[in-house]
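Everything below concerns the one structure shown next.
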Amino acid sequence: MAQNNKINVRPGSKKKRKGRSFNKGRQLDPVAQADIQTLLEGKPRQKNLLIEYLHLIQDKWSYISASHLMALANELKLSQSEVYEVATFYHHFDVIKENQKPPPPLTVRICDSLSCNMAGSDELLKELSLHIKNDVRVLPAPCMGLCNKAPAAAVGKNYSGNVTVSSLLTSIKDKAIKPLPTNHQTYEQYVDDGGYQTLQALYNNKLKANDVLDRIEESGLKGLGGAGFPTASKLRIVRDQTSPKYLCVNADEGEPGTFKDRYYLSNKPHQILEGILIAAHVVSASKIYIYLRDEYTAIYELLTLEIQGLVERQLINKGYLTLRRGAGAYICGEESAMIESIEGKRGIPRHRPPYVSERGLFDRPTLIQNVETLYWLPSILKKGAQWFKQQGKNGADGPRSFSLSGRVNNPGVIVAPAGSSAEELIQLAGGMIEGHTFKAYLPGGASGGILPTSLSHLPLDFGSLTDYGCFVGSHAVIILSEQDNIKDTAFNLLNFFNNESCGQCTPCRIGCEKASQLIAKEHWNKPLLNELASVMTDASICGLGQAAPNPILSAIKYFEDEV
Amino acid sequence: MATNVSFNLNGKQVDANHDETIWQVAKRENIDIPHLCFNDANGYRADGNCRVCMVDIEGERTLAPSCCRYPSNKMVINTDSKRAVSARNMVMELLGTDLNGKRLNNSNFANIASSMHSKPSRFPKSPRTNSDMTHPAIRMEHNACIHCNLCIRACREVQVNDVIGLSSRGHNEYITFDFDDPLAESTCVACGECIQACPTNALSNATNNNTDADKTTRSVCPYCGVGCQVNIHTKDNKILSVDGAKGPANDSRLCVKGRFGFDYITSTQRLTEPLIRLPNIMKGINIDPANPLTHFRKASWEEALNVATKGFLACKESNGTSSLAGFGSAKCSNEEAYLFQKLIRTGFGNNNVDHCTRLCHASSVAALMQTIGSGAVTAPFTTVKDSDVIIVIGANPSENHPVAASFFKQAAKNGCELIIMDPRAQALKNHASHMLQFTPGTDVALLNAIMHVIVDEKLYDESYIQSHTTGFEQQAEHLKQFSPEQMQSICGIAADVIKTIARKYAQAKSAIIFWGMGISQHTHGTDNARCLISLALMCGHIGKPGSGLHPLRGQNNVQGASDAGLIPMFFPDYKKTDDLKARTFFEQLWSCELQSEPGLTVVEIIDAIHNQTIKSMYIMGENPAMSDPNLNHARDALAKLEHLVVQDIFLTETAMFADVVLPAAAWPEKNGTVTNTNRQVQRGRAAVKAPGNAKADWEIIQRIANRLELNWSYTDLKDVYAEMQLAMPSLSNINWNRLNNEHAVTYPCSSPDKPGQEIVFADGFPTANSRGQFVPANFTPPNDMLDEQYPFILTTGRQLEHWHTGSITRRSHVLDTLEPEAFVQLNSNDAKRLDIKAGELAKITSRRGTIKLKVRLDDNIQQNLVFIPFAFVESAANILTSAALDPDGKIPEFKYSTVSIEKA
């Protein structure tokens with residue numbers, strides 16, 4: 001044995017190992033901390049504002065660096081894992097770690113959902129990519145609610161339709177990256193038109209909440225987000241719950257093919273705001289949140305201003321009505337996922353029961369209504385329940401706002417009687433585009449299935465298509481022609497669901513992935529697809545997974561030769 | 001069972017409680033529903049994401065997850081309808097498509113798949129390939145992950161460590177640590193709860209290779225005072241792995257030490273033969289513990305015990321009985337503590353027996369005994385589930401009592417206010433409503449100011465004070481001089497914050513105070529504790545659920561060792577040695593004469609060696625050559641002893657000074673009972689045999705006792721325990737068989753068939769007048785002086801991965817890999833001022849000595865304060881610390897020494 005002059009008295013392994021020079025994990029960077037403290041100056045450090053603050057960072061730096069994210073976590077007293085999983089859940093946030101290269105400052109998003117895809121978004125994306133330099137990033141993106149102006153794209157926050165490679169290049173060159181201004185009905189115009197009188201009557205107790213409920217019930221108004229639940233019943237359930245309770249307005253219109261809420265929001269915001277305030281008053285909501293999809297940038301600006309106007313005119317108190325931005329997640333249109341998102345979390349649907357009317361936002365009773373549903377409230381109360389109810393046909397009540405897109409001459413929002421048929425809608429939209437022969441239609445966006453021409457006479461209303469394995473949902477009707485391939489259509493739709501599944505439950509997360517893979521093949525394994533579809537429908541937590549196989553089932557059922 | 005739902009389950013009418021899920025009722029009815037993302041253990045919320053437990057409810061459009069669906073009246077539920085079965089099969093097929101079958105071996109997933117006769121998947125494959133092998137204890141393999149998020153619930157809801165997350169979305173989502181960082185570089189504290197929860201082995205123990213165990217032994221963790229129960233899995237007399245058992249204090253949770261720190265017992269440095277010192281070799285920290293034969297020779301037990309005992313007898317003969325002393329250990333069992341103190345008192349003939357309680361909570365115990373007549377906690381830490389306010393002061397439970405901390409964090413998550421007061425910020429602060437980083441050593445100023453507000457604003461509990469306390473008027477009068485406005489400049493906490501805290505605590509329905517060594521290890525430690533007791537007394541926060549006083553005990557058996565009399569001034573059960581009645585009782589029980597004079601305490605014994613009073617010592621499982629303050633002084637003393645017998649499992653730093661070294665069995669090799677911080681007496685069981693000729697401590701003590709002619713004849717621990725029950729009324733109704741069956745029983749216990757009393761003193765205190773006594777405390781500055789030469793304050797303590805003096809944890813692969821080096825925690829502003837960068841060496845000097853060690857930058861520590869863990873012999877923190885003592889508790893001021901720092 002060697003003679004030790006210096007004896008190693010250290011116990012255990014003699015292997016020299018190096019300890020850490022810092023505390024465990026990522027360290028807070030003082031510069032980033034100062035950045036974030038400046039950014040959040042005067043703003044509350046509430047955990048539920050996480051997504052709002054992620055937007056502030058993304059807007060300012062065009063990405064979210066790990067050090068900024070860490071500083072934000074520190075400010076909000078959240079763990080790294082909590083902020084990271086939220087930031088990476090939403091498509092509009094770019095989290096960039098220490099060893100990663102930040103994205104270019106400008107992002108161009110090309111809509112690749114069905115209507116835009118039919119209008120050539122694939123070629124557009126390919127060609128644009130050839131023309132741009134390193135300072136711009138081009139990404140495919142899901143439906144932007146501009147299906148009547150397909151193809152649509154966003155240059156920064158400038159969302160516009162009927163784009164071409166050259167129009168996009170011009171926007172990029174001119175730095176036209178701000179939202180396009182809207183030409184909406186102003187507060188004054190709305191008031192001149194008799195607006196806010198119903199609300200004032202309600203506030204002054206000249207109109208009773210119960211009378212409001214009776215009239216809504218009589219009108220037959222149903223939830224127009226897609227579920228078709230009788231509005232009066234929902235209001236009554238929440239009205240009977242104990243305070244505090246909330247109203248959340250679902251303006252996360254994301255179902256491919258749907259753009260009616262955008263249409264109303266950008267044209268008649270005050271009628272919607274009045275409807276919101278009426279509903280809030282009826283259920284005694286202590287606070288209102290409008291959850292607006294991030295793609296509706298122009299509407300965000302207009303609502304911010306108009307809500308501010310209502311506060312200045314002392315119609316509402318500051319903080320009573322809050323506008324929240326989505327961040328690029330279709331699933332947040334699902335009401336309980338939307339609640340999670342408003343709470344600052346990943347948009348993951350909750351189990352029902354308990355229903356959100358009993359335990360919703362911040363675990364309190366919550367009324368959730370779609371934009372269009374609320375839009376109709378002032379009219380119903382002003383013009384009468386029967387005025388509304390009698391606008392339906394074929395046993396359906398009221399008018400409906402169909403978002404019509406695809407191979408028709410005049411795509412757009414068509415207000416037609418509930419119970420109208422696809423045939424009739426095509427006529428109202430100016431007929432098929434020349435050279436296109438009507439072949440099939442999607443009665444309810446990506447989720448509602450596909451029906452052939454032979455079934456184009458069916459009345460379109462909630463529940464009317466159940467026997468055919470389809471539904472109308474948000475009344476987004478996409479018209480296909482003989483030039484459109486059913487297989488490609490189903491693939492496009494499944495890809496959409498696969499990208500937008502939140503990932504929470506097995507049937508949807510893996511089901512969408514495997515279904516996409518199966519239908520990408522030359523020959524469809526129909527028995528396996530049918531088996532998979534029935535389990536997705538039976539066992540998924542929310543409507544996304546339950547409806548995702550609809551395009552496949554429809555394709556197999558009605559277009560067997562093509563698949 | 002309060003039945004309030006009646007429904008039809010598989011054709012049979014069944015009754016259920018309103019809070020029972022379908023899955024739970026089915027289990028009760030012996031209907032087996034497979035489950036993956038659901039863990040039928042406390043604290044695990046059902047999440048319903050895997051969809052493998054789906055059942056069919058008549059009339060519902062879709063199937064329902066039985067794990068999180070509650071039945072309602074008249075429901076008709078079918079658990080094995082064709083639809084439900086086919087959904088479950090398809091879910092398993094989907095999950096199985098991209099998994100690595102080999103990795104799944106022995107997992108819940110594999111068991112369920114086999115019980116469901118799952119067939120190979122028909123779907124196209126797209127497996128993930130990445131894995132994370134960076135961590136010495138835990139590995140993550142994504143190709144076995146089913147995204148059930150049990151690990152997330154384990155990490156964030158059960159242990160509340162908040163490291164694991166599910167990032168990205170949909171089919172791209174995956175399990176991540178922090179910002180998708182390598183596990184070894186993340187904030188992971190390696191509690192391993194995720195491994196225990198994972199149903200697929202995607203997260204698994206990196207230290208074992210999936211070998212099947214042939215035996216599982218239920219025992220208790222050897223580390224801290226929380227007293228987690230463990231299941232030790234062994235094969236061929238070797239420990240393969242350890243996981244949490246459902247003990248009252250841990251509810252199946254463990255920390256990194258408990259789960260991964262068991263391999264020290266197989267260290268090649270274990271002592272397996274008795275050793276006798278070679279003649280004429282200088283005593284000192286001068287031996288490679290891997291190679292003791294440079295300084296010792298092997299001996300037979302016979303020879304070693306003879307040399308050991310002859311030395312004691314010779315010393316007694318020539319220097320008198322008071323020249324001997326013994327240190328026992330809070331790491332040994334109750335039975336061993338009891339026998340050790342009995343040996344010292346009856347064999348050595350004096351009361352010079354003490355152990356590390358002197359260095360941890362002696363002052364707390366002194367204050368508690370003086371004021372409320374009992375040194376133990378008034379409520380278990382698990383009572384925080386009923387608390388509105390929790391105060392944690394002078395303690396860092398997420399490092400030192402990690403499983404207890406998990407209960408605090410859970411309570412905070414559920415809305416309870418967690419208030420932390422400590423000069424060092426800590427991990428718990430993220431869960432706290434308030435973090436008061438006060439000036440070191442000013443505890444009394446801060447606490448008196450809080451009480452001042454309570455008295456001033458009349459927030460106290462008048463009726464409680466009237467019926468249960470004495471001395472409030474004097475206390476109130478005394479507090480007048482401690483207004484928050486006057487105290488704020490002393491303690492560094494703004495007056496309005498002090499007021500807020502006072503109001504929160506006083507106005508809470510139930511509030512509990514936890515404290516640790518930050519309170520006790522001061523020359524004013526007893527005063528610190530008196531303040532906390534007064535605070536609780538004036539607000540009546542004792543004796544009801546969610547309330548109480550809880551000094552978090554350090555060692556796994558420090559409560560039990562103290563109860564068993566391993567302290568110089570008390571016989572077992574805190575009977576004073578100078579109390580004639582008590583002494584007579586023990587003289588009869590032990591059939592010998594006993595000394596009435598209290599013995600010397602740990603630090604006093606070291607001084608007595610220097611004074612030539614003590615000349616011979618028997619040290620069992622204690623390491624004063626690392627744990628005592630002013631180590632140069634303490635080590636000199638050990639070297640000076642004429643005869644030192646050390647009984648331990650390793651050649652510890654103390655054993656390096658020994659004349660005879662006796663190899664002992666380690667805790668997982670022994671039977672016995674230990675008592676945790678919650679007063680829960682728990683049964684430890686041997687999982688493996690001791691190596692070589694090592695023997696259980698109690699057997700060695702008995703052999704020495706009999707060589708001292710004490711004529712003991714314990715044949716089994718059971719006999720020792722039975723005698724302890726005679727000696728200690730606190731163990732009434734808790735007999736050996738009961739402990740065998742129930743694993744743990746809380747004392748005091750009123751009946752052999754009733755659980756023990758967790759929350760005590762609802763109707764009064766065990767004092768002469770049954771009342772709690774207010775004892776006013778004055779603010780006195782710490783002993784060591786800050787000046788130009790020594791401008792920094794040093795505080796010492798433990799760290800998560802290393803236990804105490806490091807003798808066992810530094811011999812554990814995982815723990816020593818995670819924290820291999822000594823370091824000093826330094827604020828980055830101080831570092832800048834001193835021109836020292838992170839990772840560089842610093843030289844730290846106090847009035848007592850100098851050490852060099854690496855700088856770790858950490859802004860949790862305030863400026864002008866540094867922290868050094870005392871586990872590292874190479875840079876032993878206690879070379880710097882001061883041996884100044886608290887006058888009542890005789891505890892040294894480890895938490896305040898002044899030092900200078902320079903770049904080395």
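Please note that chains go A, B, ... in the order of the structure tokens, that every chain numbers its residues from 1, and that ligands are numbered from 1 in the order shown.
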Within 10 Å of B:Asn350, counting only C-alpha atoms, which residues qualify if same-chain residues fewer than 6 places away don't, as an MDAnalysis selection string? chainID B and resid 321:326 341 343:344 568 594:600
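The shell of residues at most 9 Å from stretch 204-213 of chain B, with only C-alpha atoms counted and near chain neighbours (fewer than 2 positions) removed, consists of Asn105, Asn106, Met133, His135, Pro136, Ala137, Ile138, Arg139, Met140, Glu141, Gly192, Cys194, Ile195, Gln196, Cys198, Thr200, Asn201, Ala202, Lys215, Thr216, His233, Thr234, Lys235, Asp236, Ile239, Leu240, Ser241, Phe260 and Val814 of chain B.
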For chain B, work out the contacting residues on chain A at 6 Å, counting only C-alpha atoms, and write them as a PyMOL selection string. chain A and resi 8-9+12+17+19+21-22+24-25+77+79-81+84-85+88-89+501-506+509+535+538-539
Tell me, as a ChimeraX atom specification, which residues lie within 12 Å of A:Gly309, counting only C-alpha atoms; anything in the same chain fewer than 3 positions away does not count. /A:186-188,270,273,302-306,312-318,321
Export of prior selection with N, CA, C and O atoms as a CSV table (one decimal), in the first residue's frame:
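Output contents, as saved in again18.csv:
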chain,number,residue,atom,x,y,z
A,186,THR,N,-71.5,51.5,-34.2
A,186,THR,CA,-70.9,52.2,-33.0
A,186,THR,C,-72.0,52.2,-31.9
A,186,THR,O,-73.2,51.9,-32.1
A,187,TYR,N,-71.5,52.5,-30.7
A,187,TYR,CA,-72.4,52.7,-29.5
A,187,TYR,C,-73.6,53.6,-29.9
A,187,TYR,O,-74.7,53.3,-29.7
A,188,GLU,N,-73.2,54.8,-30.4
A,188,GLU,CA,-74.2,55.8,-30.7
A,188,GLU,C,-75.2,55.2,-31.7
A,188,GLU,O,-76.4,55.4,-31.5
A,270,HIS,N,-72.4,45.8,-30.2
A,270,HIS,CA,-73.2,46.3,-29.1
A,270,HIS,C,-74.4,45.4,-28.8
A,270,HIS,O,-74.9,45.3,-27.7
A,273,LEU,N,-73.0,42.8,-26.8
A,273,LEU,CA,-72.7,43.2,-25.4
A,273,LEU,C,-74.0,43.4,-24.6
A,273,LEU,O,-74.1,43.1,-23.4
A,302,LEU,N,-61.5,46.0,-31.1
A,302,LEU,CA,-62.8,46.7,-31.1
A,302,LEU,C,-63.5,46.4,-29.8
A,302,LEU,O,-64.1,47.4,-29.1
A,303,LEU,N,-63.5,45.2,-29.3
A,303,LEU,CA,-64.2,44.9,-28.0
A,303,LEU,C,-63.5,45.6,-26.9
A,303,LEU,O,-64.1,46.1,-25.9
A,304,THR,N,-62.1,45.7,-26.9
A,304,THR,CA,-61.4,46.4,-25.8
A,304,THR,C,-61.9,47.8,-25.8
A,304,THR,O,-62.2,48.3,-24.7
A,305,LEU,N,-62.0,48.4,-26.9
A,305,LEU,CA,-62.5,49.8,-26.9
A,305,LEU,C,-63.9,50.0,-26.5
A,305,LEU,O,-64.2,50.9,-25.7
A,306,GLU,N,-64.7,49.1,-27.0
A,306,GLU,CA,-66.2,49.3,-26.8
A,306,GLU,C,-66.5,48.9,-25.3
A,306,GLU,O,-67.4,49.6,-24.7
A,312,GLU,N,-66.8,53.8,-19.3
A,312,GLU,CA,-66.8,55.3,-19.3
A,312,GLU,C,-68.2,55.9,-19.2
A,312,GLU,O,-68.4,56.9,-18.6
A,313,ARG,N,-69.1,55.2,-19.9
A,313,ARG,CA,-70.5,55.7,-19.9
A,313,ARG,C,-71.2,55.2,-18.6
A,313,ARG,O,-72.4,55.3,-18.5
A,314,GLN,N,-70.5,54.5,-17.8
A,314,GLN,CA,-71.0,54.0,-16.5
A,314,GLN,C,-72.1,53.0,-16.6
A,314,GLN,O,-73.0,52.9,-15.8
A,315,LEU,N,-72.1,52.3,-17.8
A,315,LEU,CA,-73.1,51.3,-17.9
A,315,LEU,C,-72.7,50.1,-17.1
A,315,LEU,O,-73.5,49.3,-16.6
A,316,ILE,N,-71.4,49.9,-17.0
A,316,ILE,CA,-70.9,48.8,-16.2
A,316,ILE,C,-69.7,49.3,-15.4
A,316,ILE,O,-69.1,50.3,-15.7
A,317,ASN,N,-69.4,48.6,-14.3
A,317,ASN,CA,-68.2,48.9,-13.5
A,317,ASN,C,-67.0,48.3,-14.2
A,317,ASN,O,-67.0,47.3,-14.8
A,318,LYS,N,-65.9,49.0,-13.9
A,318,LYS,CA,-64.6,48.5,-14.4
A,318,LYS,C,-64.3,47.1,-13.7
A,318,LYS,O,-64.6,46.9,-12.6
A,321,LEU,N,-66.6,43.2,-16.7
A,321,LEU,CA,-66.6,42.5,-18.0
A,321,LEU,C,-65.2,42.5,-18.5
A,321,LEU,O,-64.6,43.5,-18.8
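Residues in contact with B:Asn671 at up to 6 Å, not including ones fewer than 3 positions away on its chain and judged by only C-alpha atoms, are Gly684, Arg685 and Ala686 of chain B.
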A:Gly449 environment, 8 Å, only C-alpha atoms, sequence neighbours closer than 2 positions dropped, as a short mmCIF file (atom, residue, chain, number, x, y, z; two decimals) with C-alpha atoms, in the first residue's frame:
data_model
loop_
_atom_site.label_atom_id
_atom_site.label_comp_id
_atom_site.auth_asym_id
_atom_site.auth_seq_id
_atom_site.Cartn_x
_atom_site.Cartn_y
_atom_site.Cartn_z
CA LEU A 442 -70.62 19.04 -44.46
CA PRO A 443 -73.67 20.06 -42.41
CA GLY A 444 -71.77 21.00 -39.24
CA GLY A 445 -68.16 21.92 -39.83
CA ALA A 446 -65.42 19.36 -39.33
CA SER A 447 -67.32 17.42 -36.68
CA LEU A 451 -73.63 13.91 -46.49
CA GLY A 469 -74.88 9.85 -38.28
CA CYS A 470 -74.46 13.60 -38.66
CA PHE A 471 -75.29 16.85 -36.87
CA ASN A 550 -67.60 11.26 -38.04
CA PRO A 551 -65.92 12.13 -41.35
CA ILE A 552 -64.57 8.59 -41.59
CA LEU A 553 -67.89 7.00 -40.74
CA SER A 554 -69.67 9.22 -43.27
#
Please return as a PyMOL selection string: the residues of stretch 136-364 of chain A that backbone DSSP assigns to helix (DSSP H, G or I). chain A and resi 147-149+165-173+187-192+197-203+209-219+231-239+260-267+269-283+297-312+330-333+335-342+361-363
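For the atom pair formed by atom CA of B:Met785 and atom CA of B:Lys480, the distance is 27.9 Å, given to one decimal.
Put simply, atom CA of B:Thr881 is 5.9 Å away from atom CA of B:Phe894.
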Please list as a PyMOL selection string every residue within 10 Å of stretch 299-316 of chain B, counting only C-alpha atoms and excluding residues in the same chain fewer than 3 positions away. chain B and resi 273-277+296+319-325+347-349+614-618+642-646+659-663+693-695+700+703-708
